[in-house]
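Participant: What follows is coords_7.cif; its format and atoms are mmCIF, C-alpha atoms.
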data_run
loop_
_atom_site.label_atom_id
_atom_site.label_comp_id
_atom_site.auth_asym_id
_atom_site.auth_seq_id
_atom_site.Cartn_x
_atom_site.Cartn_y
_atom_site.Cartn_z
CA MET A 1 42.24 39.51 -165.30
CA ILE A 2 40.85 39.28 -161.78
CA ARG A 3 40.94 42.71 -160.13
CA VAL A 4 42.03 42.44 -156.51
CA CYS A 5 42.05 45.07 -153.75
CA VAL A 6 44.22 44.47 -150.69
CA MET A 7 43.27 46.15 -147.42
CA GLY A 8 45.97 46.25 -144.77
CA ALA A 9 48.47 46.32 -147.60
CA ALA A 10 51.29 47.90 -145.57
CA GLY A 11 51.61 44.99 -143.15
CA TYR A 12 53.74 41.91 -143.64
CA LEU A 13 50.82 39.79 -144.83
CA GLY A 14 49.67 42.63 -147.07
CA GLY A 15 53.16 42.82 -148.56
CA GLU A 16 53.15 39.10 -149.27
CA LEU A 17 49.74 39.39 -150.91
CA LEU A 18 51.08 42.16 -153.15
CA ARG A 19 54.23 40.16 -154.00
CA LEU A 20 52.21 37.12 -155.01
CA LEU A 21 49.45 39.02 -156.82
CA LEU A 22 51.89 41.21 -158.79
CA GLY A 23 53.64 38.07 -160.03
CA HIS A 24 50.41 36.24 -160.75
CA PRO A 25 49.54 36.02 -164.46
CA GLY A 26 45.79 36.08 -163.81
CA THR A 27 45.40 38.95 -161.35
CA GLU A 28 45.71 42.71 -161.35
CA VAL A 29 46.22 44.66 -158.12
CA ALA A 30 43.57 47.35 -158.36
CA GLN A 31 44.27 48.99 -155.00
CA ALA A 32 46.60 48.61 -152.03
CA VAL A 33 44.76 50.17 -149.10
CA SER A 34 46.53 51.42 -145.98
CA THR A 35 45.37 53.59 -143.09
CA ARG A 36 48.97 54.57 -142.28
CA PHE A 37 50.47 55.37 -145.67
CA PRO A 38 47.84 56.70 -148.12
CA GLY A 39 49.52 58.41 -151.06
CA ARG A 40 52.92 56.80 -150.42
CA ARG A 41 54.52 54.45 -152.92
CA VAL A 42 53.96 50.79 -152.13
CA ASP A 43 57.64 50.02 -152.72
CA SER A 44 58.65 52.57 -150.09
CA VAL A 45 57.14 50.23 -147.48
CA HIS A 46 57.82 46.93 -149.26
CA PRO A 47 61.26 47.45 -150.82
CA ASN A 48 61.28 43.96 -152.32
CA LEU A 49 58.64 45.26 -154.73
CA ARG A 50 60.89 47.91 -156.30
CA ALA A 51 60.55 47.81 -160.09
CA GLN A 52 57.55 45.53 -159.68
CA THR A 53 54.92 48.26 -159.32
CA ASP A 54 54.37 52.01 -159.29
CA LEU A 55 51.25 51.60 -157.17
CA LEU A 56 50.48 54.11 -154.40
CA PHE A 57 48.65 53.19 -151.21
CA SER A 58 44.99 54.25 -151.17
CA ALA A 59 43.03 55.51 -148.17
CA PRO A 60 40.30 53.20 -146.86
CA ASP A 61 37.62 55.74 -147.83
CA ASP A 62 38.78 55.49 -151.45
CA LEU A 63 38.15 51.76 -151.70
CA ALA A 64 36.56 51.11 -155.09
CA GLY A 65 34.96 48.10 -156.72
CA CYS A 66 36.92 44.96 -157.50
CA ASP A 67 36.39 41.26 -158.08
CA VAL A 68 38.14 40.05 -154.95
CA LEU A 69 38.80 41.98 -151.75
CA MET A 70 41.57 40.62 -149.54
CA THR A 71 41.66 41.92 -145.97
CA ALA A 72 44.93 41.63 -144.07
CA THR A 73 43.78 44.07 -141.44
CA PRO A 74 44.19 43.64 -137.67
CA HIS A 75 42.05 41.37 -135.56
CA ARG A 76 39.15 43.23 -133.94
CA ALA A 77 39.41 46.08 -136.54
CA THR A 78 38.39 43.77 -139.39
CA MET A 79 34.97 42.91 -137.98
CA ALA A 80 34.22 46.65 -137.83
CA LEU A 81 35.19 47.44 -141.41
CA LEU A 82 34.20 44.30 -143.27
CA PRO A 83 30.39 44.60 -143.27
CA GLU A 84 30.74 47.82 -145.33
CA ALA A 85 33.88 46.93 -147.27
CA ARG A 86 32.43 43.67 -148.55
CA ARG A 87 29.95 45.67 -150.67
CA HIS A 88 32.85 46.60 -152.97
CA ALA A 89 33.64 43.06 -154.10
CA ARG A 90 31.94 39.88 -155.12
CA THR A 91 34.32 37.79 -153.05
CA VAL A 92 36.08 38.58 -149.77
CA ILE A 93 39.11 36.64 -148.55
CA ASP A 94 39.89 37.63 -144.97
CA LEU A 95 43.24 36.88 -143.38
CA SER A 96 42.44 38.28 -139.93
CA GLY A 97 41.27 36.24 -136.98
CA ASP A 98 37.85 37.83 -136.86
CA PHE A 99 35.86 35.38 -138.97
CA ARG A 100 37.56 32.09 -138.24
CA LEU A 101 35.31 30.98 -135.39
CA PRO A 102 31.61 30.59 -136.13
CA ASP A 103 30.49 30.80 -132.49
CA PRO A 104 30.52 34.36 -131.06
CA ALA A 105 30.91 33.01 -127.51
CA VAL A 106 34.05 31.12 -128.50
CA TYR A 107 35.32 34.23 -130.30
CA GLU A 108 34.85 36.33 -127.17
CA ARG A 109 36.58 33.73 -125.01
CA TYR A 110 39.67 33.69 -127.21
CA TYR A 111 39.81 37.32 -128.40
CA GLY A 112 38.57 39.05 -125.27
CA VAL A 113 35.90 41.20 -126.94
CA SER A 114 32.38 40.71 -128.19
CA HIS A 115 32.03 40.23 -131.93
CA THR A 116 30.45 43.25 -133.63
CA ALA A 117 29.33 41.41 -136.76
CA PRO A 118 28.07 38.10 -135.39
CA GLU A 119 25.59 37.78 -138.25
CA LEU A 120 28.53 37.09 -140.57
CA LEU A 121 30.16 34.47 -138.38
CA GLY A 122 29.47 31.08 -139.82
CA ALA A 123 29.10 32.47 -143.33
CA PHE A 124 32.83 32.16 -144.02
CA VAL A 125 34.37 29.06 -145.56
CA PRO A 126 37.76 28.13 -144.04
CA GLY A 127 40.58 28.85 -146.46
CA ILE A 128 42.16 25.40 -146.34
CA PRO A 129 41.82 24.04 -149.90
CA GLU A 130 42.94 20.58 -148.82
CA TYR A 131 39.71 20.15 -146.85
CA PHE A 132 37.25 22.72 -148.25
CA ARG A 133 38.01 22.78 -151.98
CA ALA A 134 34.44 22.16 -153.12
CA GLU A 135 33.00 24.81 -150.80
CA LEU A 136 35.69 27.34 -151.76
CA ALA A 137 34.77 27.04 -155.44
CA GLY A 138 31.48 28.78 -154.71
CA ALA A 139 32.33 30.82 -151.63
CA ASP A 140 31.92 34.59 -151.52
CA LEU A 141 33.26 34.82 -147.96
CA ILE A 142 36.50 33.01 -147.17
CA SER A 143 38.48 33.12 -143.94
CA VAL A 144 42.11 31.99 -144.02
CA PRO A 145 42.98 30.20 -140.77
CA GLY A 146 45.87 31.23 -138.55
CA CYS A 147 49.29 30.08 -139.67
CA MET A 148 49.84 27.70 -136.75
CA ALA A 149 46.29 26.42 -137.11
CA THR A 150 46.81 25.61 -140.78
CA ALA A 151 49.99 23.70 -139.96
CA ALA A 152 48.34 21.77 -137.14
CA VAL A 153 45.23 20.95 -139.16
CA LEU A 154 47.29 19.64 -142.08
CA ALA A 155 49.37 17.56 -139.65
CA LEU A 156 46.46 16.13 -137.67
CA ARG A 157 43.46 15.61 -139.93
CA PRO A 158 44.85 12.58 -141.78
CA LEU A 159 45.18 10.86 -138.41
CA ALA A 160 41.44 10.80 -137.70
CA GLY A 161 40.58 7.41 -136.26
CA LEU A 162 44.22 6.58 -135.56
CA ILE A 163 44.74 8.90 -132.59
CA GLY A 164 42.83 9.65 -129.43
CA PRO A 165 40.83 12.86 -128.97
CA ASP A 166 43.42 14.83 -126.97
CA VAL A 167 46.40 16.47 -128.64
CA GLN A 168 49.11 18.78 -127.32
CA ILE A 169 50.54 21.18 -129.90
CA ASP A 170 53.93 22.79 -129.38
CA ALA A 171 54.09 25.61 -131.92
CA ARG A 172 57.13 27.73 -132.81
CA THR A 173 56.93 30.88 -134.88
CA GLY A 174 59.14 33.54 -136.40
CA SER A 175 58.90 37.23 -135.54
CA SER A 176 56.96 38.26 -138.66
CA GLY A 177 53.93 36.56 -137.14
CA SER A 178 53.65 39.38 -134.64
CA GLY A 179 53.10 41.97 -137.34
CA ALA A 180 54.82 45.04 -138.76
CA LEU A 181 54.18 47.52 -135.97
CA ALA A 182 57.01 48.46 -133.62
CA GLY A 183 56.78 47.64 -129.93
CA ASP A 184 59.06 47.36 -126.94
CA ALA A 185 58.89 43.56 -127.07
CA ASN A 186 60.07 43.57 -130.68
CA LEU A 187 63.25 45.57 -130.23
CA HIS A 188 66.20 43.65 -131.64
CA ALA A 189 67.88 43.70 -128.23
CA GLU A 190 64.86 41.99 -126.68
CA ARG A 191 64.01 39.63 -129.50
CA SER A 192 67.37 38.42 -130.73
CA GLY A 193 68.28 35.05 -129.27
CA ALA A 194 65.04 34.83 -127.33
CA MET A 195 62.80 31.77 -127.16
CA ARG A 196 59.73 33.57 -125.94
CA VAL A 197 56.85 31.43 -124.71
CA PHE A 198 54.23 34.04 -125.49
CA ALA A 199 51.21 31.74 -125.15
CA PRO A 200 51.88 29.00 -122.59
CA VAL A 201 48.21 28.04 -122.57
CA ARG A 202 45.10 28.75 -124.63
CA HIS A 203 46.58 30.23 -127.77
CA ARG A 204 43.80 31.49 -130.06
CA HIS A 205 44.61 29.02 -132.77
CA GLU A 206 43.75 26.07 -130.55
CA ALA A 207 40.08 26.96 -130.95
CA GLU A 208 40.47 26.79 -134.74
CA VAL A 209 42.37 23.51 -134.60
CA SER A 210 39.75 21.96 -132.34
CA ARG A 211 36.98 23.11 -134.65
CA LEU A 212 38.65 21.97 -137.86
CA THR A 213 39.94 18.60 -136.63
CA GLY A 214 37.30 17.56 -134.12
CA LEU A 215 40.10 17.00 -131.61
CA ASN A 216 40.55 18.47 -128.16
CA ALA A 217 43.58 20.62 -129.01
CA ARG A 218 45.82 22.34 -126.47
CA MET A 219 48.49 24.67 -127.80
CA THR A 220 51.64 26.33 -126.55
CA ALA A 221 53.28 28.95 -128.78
CA THR A 222 56.87 30.13 -128.67
CA GLY A 223 58.58 32.90 -130.63
CA VAL A 224 61.98 31.73 -131.86
CA GLU A 225 65.01 33.18 -133.63
CA ALA A 226 63.57 33.40 -137.12
CA VAL A 227 61.78 36.01 -139.22
CA ARG A 228 59.57 33.63 -141.18
CA GLY A 229 58.34 30.16 -140.46
CA VAL A 230 56.07 28.08 -138.30
CA GLN A 231 56.63 24.59 -137.00
CA VAL A 232 54.14 22.58 -134.98
CA VAL A 233 54.98 19.40 -133.08
CA CYS A 234 51.76 17.66 -132.11
CA HIS A 235 51.73 14.98 -129.42
CA ALA A 236 48.95 12.40 -129.37
CA THR A 237 48.32 8.82 -128.37
CA GLY A 238 46.90 5.98 -130.39
CA ALA A 239 43.14 5.66 -130.47
CA THR A 240 41.75 3.66 -127.59
CA GLY A 241 41.14 0.04 -128.46
CA ALA A 242 38.31 -2.23 -127.36
CA ALA A 243 40.18 -3.03 -124.15
CA GLY A 244 40.31 0.64 -123.21
CA ALA A 245 44.07 1.06 -123.65
CA ALA A 246 45.70 3.44 -126.12
CA GLY A 247 46.44 1.55 -129.30
CA THR A 248 49.76 1.12 -131.05
CA VAL A 249 50.04 2.74 -134.46
CA GLY A 250 53.05 1.91 -136.58
CA GLU A 251 54.87 4.39 -138.77
CA LYS A 252 53.84 2.52 -141.90
CA ALA A 253 50.20 3.00 -140.99
CA LEU A 254 50.85 6.69 -140.40
CA ARG A 255 52.60 7.08 -143.73
CA ARG A 256 49.72 5.31 -145.47
CA ALA A 257 47.25 7.72 -143.86
CA TYR A 258 49.22 10.77 -145.00
CA ARG A 259 49.77 9.35 -148.49
CA ASP A 260 46.10 8.52 -148.90
CA ARG A 261 45.11 12.04 -147.88
CA TYR A 262 47.74 14.14 -149.63
CA ARG A 263 48.70 12.10 -152.71
CA ALA A 264 47.00 14.57 -155.05
CA GLU A 265 47.61 17.76 -153.09
CA PRO A 266 49.91 20.20 -154.91
CA PHE A 267 51.18 21.98 -151.79
CA VAL A 268 51.49 19.30 -149.11
CA ARG A 269 54.59 17.11 -149.00
CA ILE A 270 55.31 14.17 -146.71
CA VAL A 271 58.77 14.65 -145.25
CA VAL A 272 60.00 11.73 -143.16
CA HIS A 273 63.46 10.94 -144.44
CA ARG A 274 66.10 8.60 -143.10
CA ALA A 275 69.04 10.57 -144.46
CA GLY A 276 70.11 14.17 -144.88
CA ALA A 277 70.22 17.24 -142.68
CA HIS A 278 66.49 17.98 -142.89
CA ARG A 279 64.72 14.70 -142.16
CA LEU A 280 61.51 16.14 -140.77
CA PRO A 281 59.55 19.30 -141.67
CA ASP A 282 61.63 22.44 -141.18
CA PRO A 283 60.32 25.91 -142.04
CA LYS A 284 63.83 27.07 -142.93
CA LEU A 285 63.48 25.44 -146.35
CA LEU A 286 60.04 26.86 -147.02
CA SER A 287 60.63 30.61 -146.94
CA GLY A 288 58.57 32.24 -149.66
CA SER A 289 56.96 28.98 -150.77
CA ASN A 290 53.38 27.79 -150.54
CA TYR A 291 54.30 24.29 -149.39
CA CYS A 292 53.38 22.76 -146.08
CA ASP A 293 55.60 19.82 -145.18
CA VAL A 294 54.15 17.20 -142.86
CA GLY A 295 55.91 14.41 -141.02
CA PHE A 296 55.47 11.97 -138.19
CA ALA A 297 57.05 9.52 -135.77
CA ALA A 298 55.62 6.77 -133.58
CA ASP A 299 56.76 4.80 -130.56
CA GLY A 300 54.27 2.33 -129.20
CA ASP A 301 51.08 4.23 -128.46
CA ARG A 302 52.87 7.58 -128.70
CA ILE A 303 52.41 9.51 -131.96
CA THR A 304 54.10 12.74 -132.96
CA ALA A 305 52.87 14.69 -135.97
CA ILE A 306 54.92 17.57 -137.33
CA ALA A 307 54.24 20.30 -139.86
CA ALA A 308 56.15 23.32 -141.14
CA LEU A 309 55.25 26.20 -143.42
CA ASP A 310 56.02 29.84 -144.14
CA ASN A 311 53.61 31.73 -141.89
CA LEU A 312 53.25 34.53 -144.44
CA VAL A 313 52.67 32.26 -147.45
CA LYS A 314 50.94 28.90 -146.86
CA GLY A 315 50.03 30.29 -143.45
CA GLY A 316 48.48 33.44 -144.94
CA ALA A 317 48.93 35.14 -148.32
CA GLY A 318 49.72 32.01 -150.33
CA ALA A 319 46.69 30.19 -148.96
CA ALA A 320 44.60 33.26 -149.84
CA VAL A 321 45.87 33.24 -153.44
CA GLN A 322 45.28 29.48 -153.65
CA CYS A 323 41.69 30.14 -152.54
CA LEU A 324 41.38 32.95 -155.09
CA ASN A 325 42.53 30.58 -157.83
CA ILE A 326 39.91 28.02 -156.82
CA ARG A 327 37.15 30.59 -156.47
CA THR A 328 37.87 32.22 -159.83
CA GLY A 329 38.29 28.97 -161.76
CA GLN A 330 42.00 29.37 -162.44
CA PRO A 331 44.57 26.59 -162.07
CA GLU A 332 45.03 26.15 -158.33
CA THR A 333 48.81 26.46 -158.41
CA LEU A 334 48.93 29.58 -160.62
CA GLY A 335 51.36 32.17 -159.27
CA LEU A 336 52.44 29.90 -156.42
CA GLY A 337 55.25 27.89 -157.99
CA PHE A 338 58.20 29.27 -155.99
CA PRO A 339 59.84 26.26 -154.29
CA GLY A 340 61.78 28.02 -151.52
CA LEU A 341 65.52 28.57 -151.15
CA HIS A 342 68.45 26.41 -150.16
CA PRO A 343 70.70 27.38 -148.58
CA ILE A 344 69.12 30.28 -146.77
CA MET B 1 61.56 -2.47 -162.70
CA THR B 2 59.58 -1.08 -159.80
CA LEU B 3 59.98 -2.45 -156.30
CA THR B 4 58.65 -1.35 -152.94
CA CYS B 5 60.78 0.43 -150.38
CA PRO B 6 61.02 -1.76 -147.26
CA GLU B 7 61.09 1.35 -145.10
CA CYS B 8 58.19 3.47 -146.39
CA GLU B 9 56.47 1.29 -148.99
CA GLY B 10 57.06 3.89 -151.68
CA PRO B 11 57.86 2.86 -155.26
CA VAL B 12 61.56 2.35 -156.07
CA GLU B 13 62.70 2.27 -159.68
CA LEU B 14 65.65 0.04 -160.52
CA ALA B 15 67.37 0.08 -163.90
CA GLU B 16 67.91 -3.33 -165.42
CA PRO B 17 70.04 -5.36 -165.33
CA VAL B 18 69.96 -5.30 -161.54
CA ARG B 19 73.16 -6.26 -159.75
CA LEU B 20 73.58 -7.86 -156.34
CA SER B 21 74.74 -5.39 -153.65
CA GLU B 22 73.72 -2.45 -155.82
CA ILE B 23 72.80 0.61 -153.75
CA THR B 24 69.87 2.85 -154.61
CA GLN B 25 67.91 5.51 -152.77
CA CYS B 26 64.18 5.81 -152.15
CA ALA B 27 62.78 9.06 -153.49
CA ASP B 28 60.09 9.21 -150.81
CA CYS B 29 62.09 8.65 -147.62
CA SER B 30 65.76 8.96 -148.71
CA SER B 31 66.60 5.53 -147.34
CA GLU B 32 69.65 3.94 -148.89
CA LEU B 33 68.63 0.52 -150.12
CA GLU B 34 70.73 -2.47 -151.06
CA VAL B 35 69.85 -5.19 -153.53
CA VAL B 36 70.12 -8.36 -151.43
CA GLY B 37 68.62 -10.87 -153.83
CA LEU B 38 68.13 -11.34 -157.58
CA ASP B 39 65.65 -14.17 -157.89
CA PRO B 40 63.42 -12.53 -157.05
CA VAL B 41 64.95 -9.08 -156.77
CA ALA B 42 64.84 -7.98 -153.13
CA LEU B 43 65.76 -4.79 -151.34
CA SER B 44 66.73 -4.16 -147.74
CA LEU B 45 67.93 -1.12 -145.85
CA ALA B 46 71.61 -0.52 -146.49
CA PRO B 47 73.74 -0.26 -143.36
CA GLU B 48 74.44 3.34 -142.40
CA ILE B 49 76.32 5.30 -139.82
CA GLU B 50 73.75 6.83 -137.51
CA GLU B 51 74.05 10.43 -136.39
CA ASP B 52 73.09 11.11 -132.81
CA TRP B 53 72.22 14.81 -133.29
CA GLY B 54 73.66 15.67 -129.90
CA GLU B 55 71.67 13.15 -127.90
#
What is this file in structure tokens?
Facilitator:
Amino acid sequence: MIRVCVMGAAGYLGGELLRLLLGHPGTEVAQAVSTRFPGRRVDSVHPNLRAQTDLLFSAPDDLAGCDVLMTATPHRATMALLPEARRHARTVIDLSGDFRLPDPAVYERYYGVSHTAPELLGAFVPGIPEYFRAELAGADLISVPGCMATAAVLALRPLAGLIGPDVQIDARTGSSGSGALAGDANLHAERSGAMRVFAPVRHRHEAEVSRLTGLNARMTATGVEAVRGVQVVCHATGATGAAGAAGTVGEKALRRAYRDRYRAEPFVRIVVHRAGAHRLPDPKLLSGSNYCDVGFAADGDRITAIAALDNLVKGGAGAAVQCLNIRTGQPETLGLGFPGLHPI
Amino acid sequence: MTLTCPECEGPVELAEPVRLSEITQCADCSSELEVVGLDPVALSLAPEIEEDWGE
């Protein structure tokens, strides 16, 4: 059994980590650490875990040794605690934004503060198994990308060479992406029915997408009427031909590119259907699952790439467990078989 | 026998004997396909009523 400690266990990502790890046949949750609820029952905060565990939250100072430490702690706080906390585990899988960008100057530009552990930046392997599987197998420091970044990277990377360098990403996200803490902006009366453009320019994830795809990514993010789910619609043009004009890329060429890249991937599905109510990737069908669905459309030199996932699973906790499986030599899909619900 | 979907180039399995005008569906892209020839066996997109999704 792999002993796992979860820090930030009272948040939504922490709850998803506990749900997946408690149902995983190869892991044991050694500690669920919370600054807010030490001594309280885990299922008093995560009621979906009733009858799944009698675990109590631990205080951060009581963190003990384990095989894998998963940190689902807030951005900016994680870089302060991780240099010490990492001594308690052989492997750290971080779900915060603090170790996703290797360049401290880029981090400061997107997060607004100087990094306090810059010596660790660059030591983390991105937690996207589809592109870093070999590195993850030996990594002791893993950083799971942002949920919208993961979706955009999985949508865009197969198109290398087919599209030009500039891409516009229109990202939509459910309310759970903004965390489990109350705030005026998250009151039901304010949130319900809203389509809140909370990042019209320069969303943090665009730095990750640019880094991981080599593209010049620009992102807009909008909060929509959903609890879970992320969808990205990425707009690009065909790669410039010898004559200097954007090239035409047909849908068959796009499908070939996605098939070639994802044929053997257990958690990426190509969804471009001609019939049915859900013809292109829709996060509604992916709640609770570790799948990312990718799709596309083309019209002349115009190319649209689409991806959807559950922000808390493939966009966070599920990706972390997938990385744990790879790092610990277990079957990559272990504990991640839930296919989602329909209808929901 | 295995044919290729004319829409997405995915594999389409057809049980033999194949009949003219038989309708099948591609597992990869959900396209409804019609058998339009037997020698050799050929598939084309079956006619469908398009939805406009509010456009």
Participant: Write out as CSV a residue-level contact list of chain A versus chain B with cut-off 9 Å: for each qualifying residue the closest pair of atoms and the distance in Å to one decimal, counting all atoms listed in the file, rows sorted by chain and residue number upward.
Facilitator:
residue,atom,partner,partner_atom,distance
A:Glu251,CA,B:Cys8,CA,8.4
A:Lys252,CA,B:Cys8,CA,6.3
A:Arg255,CA,B:Cys8,CA,7.2
A:Arg256,CA,B:Glu9,CA,8.6
A:Ile270,CA,B:Asp28,CA,8.0
A:Val271,CA,B:Cys29,CA,7.3
A:Val272,CA,B:Cys29,CA,5.8
A:His273,CA,B:Cys29,CA,4.2
A:Arg274,CA,B:Ser31,CA,5.3
A:Ala275,CA,B:Ser30,CA,5.6
A:Gly276,CA,B:Ser30,CA,7.8
A:Arg279,CA,B:Cys29,CA,8.6
Participant: Mind checking which residues fall within 10 Å of segment 28-44 of chain A, counting only C-alpha atoms, ignoring those fewer than 6 positions away in the same chain, and posting them as a short mmCIF file (atom, residue, chain, number, x, y, z; two decimals) with C-alpha atoms, in the frame of the given file?
Facilitator:
data_model
loop_
_atom_site.label_atom_id
_atom_site.label_comp_id
_atom_site.auth_asym_id
_atom_site.auth_seq_id
_atom_site.Cartn_x
_atom_site.Cartn_y
_atom_site.Cartn_z
CA MET A 1 42.24 39.51 -165.30
CA ILE A 2 40.85 39.28 -161.78
CA ARG A 3 40.94 42.71 -160.13
CA VAL A 4 42.03 42.44 -156.51
CA CYS A 5 42.05 45.07 -153.75
CA VAL A 6 44.22 44.47 -150.69
CA MET A 7 43.27 46.15 -147.42
CA GLY A 8 45.97 46.25 -144.77
CA ALA A 9 48.47 46.32 -147.60
CA ALA A 10 51.29 47.90 -145.57
CA GLY A 11 51.61 44.99 -143.15
CA GLY A 14 49.67 42.63 -147.07
CA GLY A 15 53.16 42.82 -148.56
CA LEU A 17 49.74 39.39 -150.91
CA LEU A 18 51.08 42.16 -153.15
CA LEU A 21 49.45 39.02 -156.82
CA LEU A 22 51.89 41.21 -158.79
CA ARG A 50 60.89 47.91 -156.30
CA ALA A 51 60.55 47.81 -160.09
CA GLN A 52 57.55 45.53 -159.68
CA THR A 53 54.92 48.26 -159.32
CA ASP A 54 54.37 52.01 -159.29
CA LEU A 55 51.25 51.60 -157.17
CA LEU A 56 50.48 54.11 -154.40
CA PHE A 57 48.65 53.19 -151.21
CA SER A 58 44.99 54.25 -151.17
CA ALA A 59 43.03 55.51 -148.17
CA PRO A 60 40.30 53.20 -146.86
CA ASP A 61 37.62 55.74 -147.83
CA ASP A 62 38.78 55.49 -151.45
CA LEU A 63 38.15 51.76 -151.70
CA ALA A 64 36.56 51.11 -155.09
CA GLY A 65 34.96 48.10 -156.72
CA CYS A 66 36.92 44.96 -157.50
CA ASP A 67 36.39 41.26 -158.08
CA VAL A 68 38.14 40.05 -154.95
CA LEU A 69 38.80 41.98 -151.75
CA MET A 70 41.57 40.62 -149.54
CA THR A 71 41.66 41.92 -145.97
CA ALA A 72 44.93 41.63 -144.07
CA THR A 73 43.78 44.07 -141.44
#
Participant: Using only C-alpha atoms, which residues sit within 12 Å of Gly97 of chain A once same-chain residues fewer than 5 positions away are excluded, as JSON, numbers by chain?
Facilitator: {"A": [71, 72, 73, 74, 75, 76, 77, 78, 79, 102, 107, 108, 110, 111, 115, 121, 124, 126, 142, 143, 144, 145, 146, 147, 149, 204, 205, 207, 208, 316]}
Participant: To one decimal in Å, tell me the separation between atom CA of Ala305 of chain A and atom CA of Cys234 of chain A.
Facilitator: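 The value is 5.0 Å.
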Participant: For the structure shown, which residues end up in the PyMOL selection byres ((chain A and resi 310) around 10)? Put them as a PyMOL selection string, please?
Facilitator: chain A and resi 147-148+151+173-174+177+227-231+282-292+308-309+311-318+340
Participant: Separation of atom CA of Arg133 of chain A and atom CA of Ala319 of chain A, in Å?
Facilitator: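 Going from atom CA of Arg133 of chain A over to atom CA of Ala319 of chain A covers 11.8 Å.
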